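Working notes, structure below.
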Amino acid sequence: PFWLKPTWRSASRAPPDLALPSMLHAVLPHCRRLAVGAVPCSFCTLAESVLPAGLRASRHINVRLQSASDQFQPKEGRRGEKPIGVGDRGAGLVYRDGRPASSAALDSREQVARDGVWVVKIQPPLDISSDSAGGIGRITPATLLLSDRKWTFVRFVKEEDEGHFSLLRCTLSEAQQVAYRYVEEFQDKGPMLKVYMDAKPEGDHAGF
């Protein structure tokens, strides 16, 4: 669902529009298939034998999983702000891994229920606010991107969503402002994500 790009250390070094066709053709071939909405078949669930001891009894938070199409419906901005949607060009949400595809392309990844424990990558958007983008006049919200290794799971956590502050602290405590945590899905009046806060994935379980 993203046009992936190399890691950029700051928004000022990122290309102005990752949706340009020339950028799209320059990335890895499998990323092009993801961008048009094809859902990969496999999913990285971890075997019980490789999970940290006592993981399920450790501290965790619960995050309600919401549809991107609902979260990013156009809304009136607060005074002095302009609303930003998932696909806004020029001043939209841009992450280290790229710019989100359309809400319709993300919908296909929201219909699959997953069993077991796996690892989620958590990242805040790059700062493309008016101060860092030459007076473009929009404030970038701290909407977090959650994804798995194969991009079969893509969700967003907005500032007003329960659990946002705890997840944001996780990212800000890391040198690259990208965090990895063990998670599993469950149902409670809709899909929920249980995020285990204390156990940090290492080695092959992280770094994607």
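Chain identifiers are assigned as A, B, and so on, following the order in which chains appear in the structure tokens; residues are numbered from 1 within each chain, and ligands are numbered from 1 in order of appearance.
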
Just want the 6 Å neighbourhood of region 154-167 of chain A, counted on only C-alpha atoms, with same-chain residues fewer than 6 positions away dropped. Output as a PDB file with N, CA and C atoms, in the first residue's frame.
```
ATOM      1  N   VAL A  63      -5.555  -1.402  21.368  1.00  0.00           N
ATOM      2  CA  VAL A  63      -5.821  -0.372  20.369  1.00  0.00           C
ATOM      3  C   VAL A  63      -6.940  -0.851  19.456  1.00  0.00           C
ATOM      4  N   THR A 143      -0.147  11.161  13.344  1.00  0.00           N
ATOM      5  CA  THR A 143      -0.864   9.913  13.043  1.00  0.00           C
ATOM      6  C   THR A 143       0.146   8.795  12.842  1.00  0.00           C
ATOM      7  N   LEU A 144       0.085   7.778  13.663  1.00  0.00           N
ATOM      8  CA  LEU A 144       1.058   6.692  13.623  1.00  0.00           C
ATOM      9  C   LEU A 144       0.674   5.665  12.566  1.00  0.00           C
ATOM     10  N   LEU A 145       1.685   5.150  11.906  1.00  0.00           N
ATOM     11  CA  LEU A 145       1.507   4.066  10.941  1.00  0.00           C
ATOM     12  C   LEU A 145       1.929   2.755  11.576  1.00  0.00           C
ATOM     13  N   LEU A 146       1.064   1.740  11.544  1.00  0.00           N
ATOM     14  CA  LEU A 146       1.367   0.403  12.027  1.00  0.00           C
ATOM     15  C   LEU A 146       1.348  -0.547  10.829  1.00  0.00           C
ATOM     16  N   SER A 147       2.393  -1.351  10.696  1.00  0.00           N
ATOM     17  CA  SER A 147       2.461  -2.284   9.572  1.00  0.00           C
ATOM     18  C   SER A 147       3.247  -3.524   9.964  1.00  0.00           C
TER      19      SER A 147
END
```

Contacts of Arg64 (chain A) at 10 Å (only C-alpha atoms; same-chain gap of 2+ positions) as a list in words =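 The residues satisfying every condition are Asn62, Gln66, Ser67, Val157, Asp161, Glu162, Gly163, Glu185, Phe186, Gln187, Asp188, Lys189, Gly190, Pro191, Met192, Leu193 and Lys194 of chain A.
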
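Distances here use only C-alpha atoms; by that measure, the residue among A:Ala68, A:Val117, A:Leu106, A:Ala142 closest to Val50 (chain A) is A:Val117.
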
ask   = If we count only C-alpha atoms, what is near region 57-59 of chain A at a cut-off of 7 Å, once residues fewer than 6 positions away on the same chain are taken out, given as number ranges by chain?
value = A: 196-198

query = Please, what distance in Å, to one decimal, runs between CA of Phe72 (chain A) and CA of Pro141 (chain A)?
reply = 11.8 Å

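Note that the spacing between CA of Lys200 (chain A) and CA of Arg181 (chain A) amounts to 5.7 Å.
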
task = Using CA of Thr171 (chain A) and CA of Val94 (chain A) as the two end points, give the distance in Å to one decimal.
result =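 Distance between the two atoms: 15.8 Å.
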
request  = Would you please work out which residue, of A:Val195, A:Lys121, A:Glu48, A:Cys170, is nearest to Leu65 (chain A) when using only C-alpha atoms?
outcome  = A:Val195
